[in-house]
$ cat protein-v8.tsv   # TSV, C-alpha atoms
chain	number	residue	atom	x	y	z
A	93	MET	CA	9.06	0.52	9.27
A	94	ALA	CA	6.17	-1.95	9.61
A	95	THR	CA	6.72	-4.83	12.01
A	96	PRO	CA	5.27	-8.36	11.78
A	97	LEU	CA	2.77	-7.22	14.44
A	98	ASN	CA	1.51	-4.49	12.07
A	99	GLU	CA	3.01	-1.75	14.22
A	100	THR	CA	4.85	1.26	12.82
A	101	LEU	CA	8.25	1.29	14.50
A	102	PHE	CA	10.72	4.19	14.50
A	103	VAL	CA	14.14	2.96	13.32
A	104	GLY	CA	15.96	6.22	12.70
A	105	ILE	CA	16.27	9.52	10.87
A	106	TYR	CA	18.36	9.70	7.72
A	107	GLU	CA	19.90	12.85	6.30
A	108	ASN	CA	20.42	13.44	2.59
A	109	LYS	CA	23.91	14.81	2.00
A	110	GLY	CA	23.46	15.22	-1.74
A	111	VAL	CA	22.22	13.59	-4.90
A	112	GLY	CA	24.18	12.28	-7.83
A	113	LYS	CA	23.80	9.60	-10.48
A	114	ALA	CA	24.13	5.85	-10.06
A	115	THR	CA	27.28	4.55	-11.71
A	116	PRO	CA	27.25	1.93	-14.51
A	117	GLY	CA	27.05	-1.59	-13.16
A	118	LEU	CA	25.12	-0.67	-10.00
A	119	VAL	CA	22.35	-3.27	-9.64
A	120	ASP	CA	19.08	-2.97	-7.75
A	121	PRO	CA	19.19	-5.92	-5.29
A	122	ILE	CA	15.41	-6.41	-5.55
A	123	SER	CA	14.74	-6.26	-9.30
A	124	GLY	CA	18.23	-7.27	-10.42
A	125	LYS	CA	18.20	-4.42	-12.96
A	126	ASP	CA	21.08	-2.08	-13.76
A	127	VAL	CA	20.14	1.36	-12.37
A	128	ALA	CA	22.93	3.36	-13.97
A	129	GLY	CA	21.90	6.98	-14.48
A	130	TYR	CA	19.17	6.96	-11.83
A	131	ASN	CA	19.29	9.43	-8.96
A	132	PHE	CA	21.60	8.20	-6.20
A	133	TYR	CA	21.14	9.77	-2.77
A	134	ASP	CA	23.93	10.06	-0.23
A	135	LEU	CA	22.03	9.07	2.92
A	136	ILE	CA	23.57	8.83	6.38
A	137	LEU	CA	21.96	7.77	9.64
A	138	SER	CA	21.46	10.81	11.86
A	139	PRO	CA	22.17	10.71	15.62
A	140	LYS	CA	18.96	12.69	16.21
A	141	LEU	CA	16.45	10.77	18.38
A	142	SER	CA	18.79	7.77	18.29
A	143	HIS	CA	17.73	6.73	21.81
A	144	TYR	CA	14.23	6.04	20.43
A	145	ARG	CA	15.35	3.63	17.69
A	146	GLY	CA	13.49	0.36	17.98
A	147	ARG	CA	11.51	1.64	20.97
A	148	LEU	CA	8.97	4.14	19.63
A	149	THR	CA	5.74	2.97	17.97
A	150	ILE	CA	3.28	5.37	16.38
A	151	GLU	CA	-0.14	5.38	14.75
A	152	TRP	CA	0.57	5.70	11.02
A	153	GLY	CA	-3.02	6.57	10.17
A	154	PRO	CA	-5.33	5.66	7.26
A	155	GLY	CA	-2.68	6.53	4.67
A	156	TYR	CA	-0.61	3.48	5.53
A	157	ARG	CA	-0.13	2.59	1.87
A	158	SER	CA	1.58	5.93	1.25
A	159	TRP	CA	5.13	5.39	2.43
A	160	VAL	CA	6.05	9.02	1.66
A	161	GLN	CA	4.19	11.55	3.81
A	162	LEU	CA	4.91	15.19	4.62
A	163	ALA	CA	5.78	15.45	8.30
A	164	HIS	CA	4.48	18.99	8.76
A	165	LYS	CA	1.05	17.91	7.46
A	166	ASN	CA	0.80	14.51	9.14
A	167	GLU	CA	1.39	14.54	12.86
A	168	LYS	CA	1.55	11.01	14.25
A	169	THR	CA	0.19	9.86	17.60
A	170	ILE	CA	2.68	8.06	19.83
A	171	ILE	CA	1.27	4.69	20.89
A	172	GLU	CA	4.09	3.37	23.05
A	173	ILE	CA	7.73	3.87	24.03
A	174	HIS	CA	9.34	0.58	25.03
A	175	ARG	CA	11.99	0.46	27.73
A	176	GLU	CA	14.33	-1.45	25.44
A	177	ALA	CA	14.46	-2.16	21.74
A	178	SER	CA	13.11	-5.65	21.15
A	179	GLU	CA	12.04	-7.91	18.33
A	180	PRO	CA	8.68	-9.66	18.07
A	181	PRO	CA	8.84	-13.39	18.84
A	182	PHE	CA	9.41	-15.76	15.94
A	183	PRO	CA	5.99	-17.14	14.90
A	184	GLY	CA	7.32	-20.60	14.07
A	185	PHE	CA	8.39	-22.05	10.73
A	186	LEU	CA	4.95	-23.13	9.54
A	187	ASP	CA	3.39	-19.76	10.38
A	188	PHE	CA	6.12	-17.72	8.70
A	189	CYS	CA	4.87	-15.92	5.57
A	190	TRP	CA	6.63	-12.98	3.91
A	191	ARG	CA	7.15	-11.14	0.63
A	192	LEU	CA	10.48	-11.32	-1.19
A	193	HIS	CA	10.81	-7.55	-1.66
A	194	ASN	CA	10.49	-7.03	2.09
A	195	LEU	CA	13.01	-9.61	3.33
A	196	ALA	CA	15.22	-6.82	4.67
A	197	ALA	CA	12.53	-6.10	7.28
A	198	VAL	CA	12.63	-9.62	8.75
A	199	PRO	CA	13.94	-9.42	12.36
A	200	ARG	CA	17.49	-10.67	12.82
A	201	SER	CA	16.50	-13.39	15.27
A	202	TRP	CA	14.02	-14.71	12.70
A	203	ARG	CA	16.73	-14.75	10.03
A	204	ALA	CA	18.96	-16.79	12.33
A	205	ALA	CA	16.18	-19.34	12.86
A	206	LEU	CA	15.45	-19.58	9.12
A	207	SER	CA	19.15	-19.95	8.34
A	208	ALA	CA	19.60	-22.81	10.78
A	209	VAL	CA	17.27	-25.36	9.18
A	210	SER	CA	16.65	-27.05	5.85
A	211	GLY	CA	13.38	-28.11	4.32
A	212	ILE	CA	10.73	-27.47	1.70
A	213	TYR	CA	9.44	-24.00	0.87
A	214	LEU	CA	6.71	-22.54	-1.31
A	215	LEU	CA	6.83	-19.48	-3.55
A	216	THR	CA	3.47	-18.08	-4.67
A	217	ASP	CA	2.96	-15.40	-7.29
A	218	PRO	CA	0.42	-13.04	-5.64
A	219	ASP	CA	-0.95	-11.93	-9.01
A	220	THR	CA	-1.46	-15.30	-10.71
A	221	GLY	CA	-1.50	-17.76	-7.82
A	222	ARG	CA	1.09	-19.97	-9.57
A	223	GLN	CA	3.29	-21.84	-7.12
A	224	TYR	CA	6.84	-23.14	-6.99
A	225	VAL	CA	7.95	-25.86	-4.58
A	226	GLY	CA	11.64	-25.89	-3.73
A	227	SER	CA	14.11	-27.29	-1.24
A	228	ALA	CA	16.54	-25.34	0.88
A	229	GLN	CA	19.66	-26.88	2.35
A	230	GLY	CA	23.21	-26.00	3.25
A	231	LEU	CA	24.64	-23.60	5.80
A	232	ALA	CA	22.20	-20.76	5.04
A	233	GLY	CA	19.02	-22.89	5.00
A	234	PHE	CA	15.73	-21.27	4.00
A	235	TRP	CA	17.04	-17.75	4.43
A	236	GLY	CA	20.00	-18.19	2.09
A	237	ARG	CA	17.84	-19.66	-0.65
A	238	TRP	CA	15.26	-16.88	-0.45
A	239	GLU	CA	17.96	-14.23	-0.66
A	240	GLN	CA	18.95	-15.73	-4.00
A	241	TYR	CA	15.43	-15.20	-5.29
A	242	ALA	CA	15.35	-11.63	-3.96
A	243	THR	CA	18.59	-10.88	-5.80
A	244	SER	CA	17.94	-12.58	-9.14
A	245	GLY	CA	14.13	-12.67	-9.28
A	246	HIS	CA	14.13	-16.34	-10.32
A	247	GLY	CA	16.75	-18.23	-8.29
A	248	GLY	CA	17.90	-20.08	-11.41
A	249	ASN	CA	14.53	-21.77	-12.00
A	250	ARG	CA	13.83	-22.15	-15.72
A	251	ARG	CA	10.10	-21.38	-15.79
A	252	MET	CA	10.60	-18.33	-13.60
A	253	GLU	CA	13.45	-16.94	-15.70
A	254	ASP	CA	11.05	-16.21	-18.57
A	255	LEU	CA	8.60	-14.33	-16.35
A	256	PRO	CA	8.70	-10.69	-15.21
A	257	ALA	CA	10.15	-10.33	-11.72
A	258	ALA	CA	7.37	-10.96	-9.20
A	259	ASP	CA	7.12	-10.16	-5.52
A	260	TYR	CA	6.64	-13.79	-4.54
A	261	GLN	CA	5.21	-14.75	-1.19
A	262	VAL	CA	7.55	-17.16	0.61
A	263	SER	CA	6.51	-19.71	3.20
A	264	VAL	CA	7.69	-22.97	4.75
A	265	LEU	CA	5.92	-26.23	3.92
A	266	GLU	CA	8.03	-28.66	5.93
A	267	VAL	CA	11.18	-28.59	8.03
A	268	ALA	CA	13.65	-31.41	7.45
A	269	SER	CA	15.19	-33.46	10.21
A	270	SER	CA	18.81	-32.61	10.93
A	271	SER	CA	19.66	-36.27	10.27
A	272	GLY	CA	18.01	-36.32	6.84
A	273	GLY	CA	20.34	-36.26	3.86
A	274	PRO	CA	19.85	-34.99	0.29
A	275	ASP	CA	17.81	-38.07	-0.68
A	276	VAL	CA	15.32	-37.47	2.13
A	277	LEU	CA	14.99	-33.82	1.14
A	278	ALA	CA	14.46	-34.75	-2.51
A	279	SER	CA	11.70	-37.18	-1.51
A	280	MET	CA	9.99	-34.51	0.59
A	281	GLU	CA	10.15	-32.03	-2.28
A	282	THR	CA	8.66	-34.52	-4.75
A	283	ARG	CA	5.81	-35.31	-2.37
A	284	TRP	CA	4.83	-31.62	-2.10
A	285	LYS	CA	5.05	-31.10	-5.86
A	286	GLU	CA	2.62	-33.96	-6.33
A	287	LYS	CA	0.26	-32.70	-3.62
A	288	LEU	CA	0.12	-29.16	-5.01
A	289	LEU	CA	0.31	-30.13	-8.70
A	290	SER	CA	3.02	-27.52	-9.09
A	291	ARG	CA	4.50	-29.26	-12.14
A	292	ARG	CA	1.20	-29.24	-14.04
A	293	PHE	CA	-0.24	-25.89	-12.97
A	294	GLY	CA	2.65	-24.16	-11.28
A	295	LEU	CA	6.23	-23.12	-11.90
A	296	ASN	CA	8.10	-26.40	-11.34
A	297	ALA	CA	9.69	-27.71	-14.52
A	298	ASN	CA	11.10	-30.91	-12.98
$ encode --input "protein-v8.tsv" --output "structure tokens"
Amino acid sequence: MATPLNETLFVGIYENKGVGKATPGLVDPISGKDVAGYNFYDLILSPKLSHYRGRLTIEWGPGYRSWVQLAHKNEKTIIEIHREASEPPFPGFLDFCWRLHNLAAVPRSWRAALSAVSGIYLLTDPDTGRQYVGSAQGLAGFWGRWEQYATSGHGGNRRMEDLPAADYQVSVLEVASSSGGPDVLASMETRWKEKLLSRRFGLNAN
């Protein structure tokens, strides 16, 4: 997997124990679409090379956009073997920038930080540049709200419901004080909508 430091990190070997068909009602967590009838692979994590999980980084090579490569044709150079598995340091809320489809790759310590605070976030459609300003609050903070978008594709927002599912870029605009209530958060959200004109040119309907 790719890390936030643009390294290629070994996280494990998976074995395919067979292939069947996805059952009716099985939903793709990214697109939100029913995938009944699609191939469904029975993958299990192999114990092979398990002591290198999270420790081994390699040079992926110029074909980094090709996530499927044939191992016997593409030998990879080992860059480093860490003593212990570790996560890259959290960059800070205002420097955090990620894609919805890749939220599963966010380090656990980062998720904890993003779950612990409330504030104002920005979604940007990478194809059109249209923006949505929203507020995140509650026990799950930013992280919980973004997971809703990753699951549904629109998070319940009216203008986004009518659009094809997009791989929005998510970022933090402002972190709210722990003493600020819903009214303070609403005021912050309104201020950012006005600054970015997200009602007129973006995806905010209110």
$ residues_around --input "protein-v8.tsv" --residues "Gly245 (chain A)" --least-positions-apart "2" --cutoff "10 Å" --atoms "only C-alpha atoms" --output "mmCIF file with C-alpha atoms, in the coordinates of the input"
data_model
loop_
_atom_site.group_PDB
_atom_site.id
_atom_site.type_symbol
_atom_site.label_atom_id
_atom_site.label_comp_id
_atom_site.auth_asym_id
_atom_site.auth_seq_id
_atom_site.Cartn_x
_atom_site.Cartn_y
_atom_site.Cartn_z
ATOM 1 C CA PRO A 121 19.190 -5.920 -5.290
ATOM 2 C CA ILE A 122 15.410 -6.410 -5.550
ATOM 3 C CA SER A 123 14.740 -6.260 -9.300
ATOM 4 C CA GLY A 124 18.230 -7.270 -10.420
ATOM 5 C CA LYS A 125 18.200 -4.420 -12.960
ATOM 6 C CA LEU A 192 10.480 -11.320 -1.190
ATOM 7 C CA HIS A 193 10.810 -7.550 -1.660
ATOM 8 C CA TRP A 238 15.260 -16.880 -0.450
ATOM 9 C CA GLU A 239 17.960 -14.230 -0.660
ATOM 10 C CA GLN A 240 18.950 -15.730 -4.000
ATOM 11 C CA TYR A 241 15.430 -15.200 -5.290
ATOM 12 C CA ALA A 242 15.350 -11.630 -3.960
ATOM 13 C CA THR A 243 18.590 -10.880 -5.800
ATOM 14 C CA GLY A 247 16.750 -18.230 -8.290
ATOM 15 C CA GLY A 248 17.900 -20.080 -11.410
ATOM 16 C CA ASN A 249 14.530 -21.770 -12.000
ATOM 17 C CA MET A 252 10.600 -18.330 -13.600
ATOM 18 C CA GLU A 253 13.450 -16.940 -15.700
ATOM 19 C CA LEU A 255 8.600 -14.330 -16.350
ATOM 20 C CA PRO A 256 8.700 -10.690 -15.210
ATOM 21 C CA ALA A 257 10.150 -10.330 -11.720
ATOM 22 C CA ALA A 258 7.370 -10.960 -9.200
ATOM 23 C CA ASP A 259 7.120 -10.160 -5.520
ATOM 24 C CA TYR A 260 6.640 -13.790 -4.540
#
$ closest_residue --input "protein-v8.tsv" --among "A:Pro139, A:Gly230, A:Gly273, A:Gly146" --to "Arg175 (chain A)" --atoms "all atoms listed in the file"
A:Gly146
$ closest_residue --input "protein-v8.tsv" --among "A:Leu265, A:Ile170, A:Ile136, A:Ala128" --to "Phe188 (chain A)" --atoms "all atoms listed in the file"
A:Leu265
$ residues_around --input "protein-v8.tsv" --residues "Gly211 (chain A)" --least-positions-apart "2" --cutoff "6 Å" --atoms "only C-alpha atoms" --output "PDB file with C-alpha atoms, keeping the file's coordinate frame"
ATOM      1  CA  SER A 227      14.110 -27.290  -1.240  1.00  0.00           C
ATOM      2  CA  ALA A 228      16.540 -25.340   0.880  1.00  0.00           C
ATOM      3  CA  GLU A 266       8.030 -28.660   5.930  1.00  0.00           C
ATOM      4  CA  VAL A 267      11.180 -28.590   8.030  1.00  0.00           C
ATOM      5  CA  ALA A 268      13.650 -31.410   7.450  1.00  0.00           C
TER       6      ALA A 268
END
$ closest_residue --input "protein-v8.tsv" --among "A:Gly221, A:Leu277, A:Pro154, A:Leu295" --to "Asp254 (chain A)" --atoms "only C-alpha atoms"
A:Leu295
$ residues_around --input "protein-v8.tsv" --residues "Gly112 (chain A)" --least-positions-apart "6" --cutoff "8 Å" --atoms "all atoms listed in the file" --output "number ranges by chain"
A: 131-134
$ atom_distance --input "protein-v8.tsv" --atom1 "CA of Trp284 (chain A)" --atom2 "CA of Ile212 (chain A)"
8.2 Å
$ atom_distance --input "protein-v8.tsv" --atom1 "CA of Arg251 (chain A)" --atom2 "CA of Lys285 (chain A)"
14.8 Å
$ atom_distance --input "protein-v8.tsv" --atom1 "CA of Arg191 (chain A)" --atom2 "CA of Leu214 (chain A)"
11.6 Å
$ closest_residue --input "protein-v8.tsv" --among "A:Phe185, A:Ser244, A:Gly294, A:Ser201" --to "Asp217 (chain A)" --atoms "all atoms listed in the file"
A:Gly294
$ axis_aligned_box --input "protein-v8.tsv" --around "region 238-246 of chain A" --padding-each-side "3 Å" --output "AutoDock Vina command-line options"
--center_x 16.5 --center_y -13.9 --center_z -5.4 --size_x 10.8 --size_y 12.0 --size_z 15.9
$ residues_around --input "protein-v8.tsv" --residues "Asn166 (chain A)" --least-positions-apart "2" --cutoff "10 Å" --atoms "only C-alpha atoms" --output "number ranges by chain"
A: 152-153, 155, 161-164, 168-169
$ residues_around --input "protein-v8.tsv" --residues "Arg283 (chain A)" --least-positions-apart "3" --cutoff "12 Å" --atoms "all atoms listed in the file" --output "CSV table (one decimal) with C-alpha atoms, in the frame of the given file"
chain,number,residue,atom,x,y,z
A,212,ILE,CA,10.7,-27.5,1.7
A,225,VAL,CA,8.0,-25.9,-4.6
A,226,GLY,CA,11.6,-25.9,-3.7
A,227,SER,CA,14.1,-27.3,-1.2
A,265,LEU,CA,5.9,-26.2,3.9
A,266,GLU,CA,8.0,-28.7,5.9
A,276,VAL,CA,15.3,-37.5,2.1
A,277,LEU,CA,15.0,-33.8,1.1
A,278,ALA,CA,14.5,-34.8,-2.5
A,279,SER,CA,11.7,-37.2,-1.5
A,280,MET,CA,10.0,-34.5,0.6
A,286,GLU,CA,2.6,-34.0,-6.3
A,287,LYS,CA,0.3,-32.7,-3.6
A,288,LEU,CA,0.1,-29.2,-5.0
A,289,LEU,CA,0.3,-30.1,-8.7
A,290,SER,CA,3.0,-27.5,-9.1
A,291,ARG,CA,4.5,-29.3,-12.1
$ closest_residue --input "protein-v8.tsv" --among "A:His246, A:Lys165, A:Arg147, A:His174" --to "Asn296 (chain A)" --atoms "only C-alpha atoms"
A:His246
$ closest_residue --input "protein-v8.tsv" --among "A:Val262, A:Tyr130, A:Leu186, A:Asn298" --to "Leu118 (chain A)" --atoms "all atoms listed in the file"
A:Tyr130
$ build_atoms --input "protein-v8.tsv" --residues "region 239-264 of chain A" --atoms "N, CA and C atoms" --output "short mmCIF file (atom, residue, chain, number, x, y, z; two decimals), in the frame of the given file"
data_model
loop_
_atom_site.label_atom_id
_atom_site.label_comp_id
_atom_site.auth_asym_id
_atom_site.auth_seq_id
_atom_site.Cartn_x
_atom_site.Cartn_y
_atom_site.Cartn_z
N GLU A 239 17.16 -15.39 -0.27
CA GLU A 239 17.96 -14.23 -0.66
C GLU A 239 18.38 -14.32 -2.12
N GLN A 240 18.61 -15.55 -2.59
CA GLN A 240 18.95 -15.73 -4.00
C GLN A 240 17.81 -15.30 -4.91
N TYR A 241 16.59 -15.62 -4.50
CA TYR A 241 15.43 -15.20 -5.29
C TYR A 241 15.28 -13.67 -5.25
N ALA A 242 15.49 -13.08 -4.09
CA ALA A 242 15.35 -11.63 -3.96
C ALA A 242 16.37 -10.91 -4.83
N THR A 243 17.54 -11.50 -5.01
CA THR A 243 18.59 -10.88 -5.80
C THR A 243 18.37 -11.05 -7.29
N SER A 244 18.05 -12.28 -7.71
CA SER A 244 17.94 -12.58 -9.14
C SER A 244 16.53 -12.47 -9.69
N GLY A 245 15.51 -12.67 -8.82
CA GLY A 245 14.13 -12.67 -9.28
C GLY A 245 13.62 -14.03 -9.69
N HIS A 246 14.56 -15.01 -9.87
CA HIS A 246 14.13 -16.34 -10.32
C HIS A 246 14.89 -17.48 -9.65
N GLY A 247 16.01 -17.20 -9.00
CA GLY A 247 16.75 -18.23 -8.29
C GLY A 247 17.31 -19.33 -9.17
N GLY A 248 17.37 -19.07 -10.49
CA GLY A 248 17.90 -20.08 -11.41
C GLY A 248 16.86 -21.06 -11.90
N ASN A 249 15.59 -20.87 -11.56
CA ASN A 249 14.53 -21.77 -12.00
C ASN A 249 14.06 -21.40 -13.40
N ARG A 250 14.04 -22.40 -14.30
CA ARG A 250 13.83 -22.15 -15.72
C ARG A 250 12.50 -21.47 -16.03
N ARG A 251 11.40 -21.96 -15.48
CA ARG A 251 10.10 -21.38 -15.79
C ARG A 251 9.95 -19.96 -15.25
N MET A 252 10.69 -19.66 -14.20
CA MET A 252 10.60 -18.33 -13.60
C MET A 252 11.50 -17.33 -14.33
N GLU A 253 12.53 -17.83 -14.99
CA GLU A 253 13.45 -16.94 -15.70
C GLU A 253 12.75 -16.19 -16.82
N ASP A 254 11.75 -16.81 -17.43
CA ASP A 254 11.05 -16.21 -18.57
C ASP A 254 9.91 -15.30 -18.16
N LEU A 255 9.70 -15.15 -16.85
CA LEU A 255 8.60 -14.33 -16.35
C LEU A 255 9.12 -13.00 -15.81
N PRO A 256 8.30 -11.95 -15.85
CA PRO A 256 8.70 -10.69 -15.21
C PRO A 256 8.94 -10.92 -13.72
N ALA A 257 9.86 -10.18 -13.15
CA ALA A 257 10.15 -10.33 -11.72
C ALA A 257 8.89 -10.10 -10.91
N ALA A 258 8.58 -11.04 -10.02
CA ALA A 258 7.37 -10.96 -9.20
C ALA A 258 7.75 -10.88 -7.73
N ASP A 259 6.90 -10.26 -6.97
CA ASP A 259 7.12 -10.16 -5.52
C ASP A 259 6.50 -11.39 -4.87
N TYR A 260 7.18 -12.53 -5.03
CA TYR A 260 6.64 -13.79 -4.54
C TYR A 260 6.45 -13.79 -3.02
N GLN A 261 5.42 -14.48 -2.61
CA GLN A 261 5.21 -14.75 -1.19
C GLN A 261 5.98 -16.03 -0.85
N VAL A 262 6.77 -15.98 0.22
CA VAL A 262 7.55 -17.16 0.61
C VAL A 262 7.01 -17.73 1.92
N SER A 263 6.98 -19.04 1.99
CA SER A 263 6.51 -19.71 3.20
C SER A 263 7.19 -21.07 3.31
N VAL A 264 7.08 -21.67 4.48
CA VAL A 264 7.69 -22.97 4.75
C VAL A 264 6.61 -24.04 4.73
#
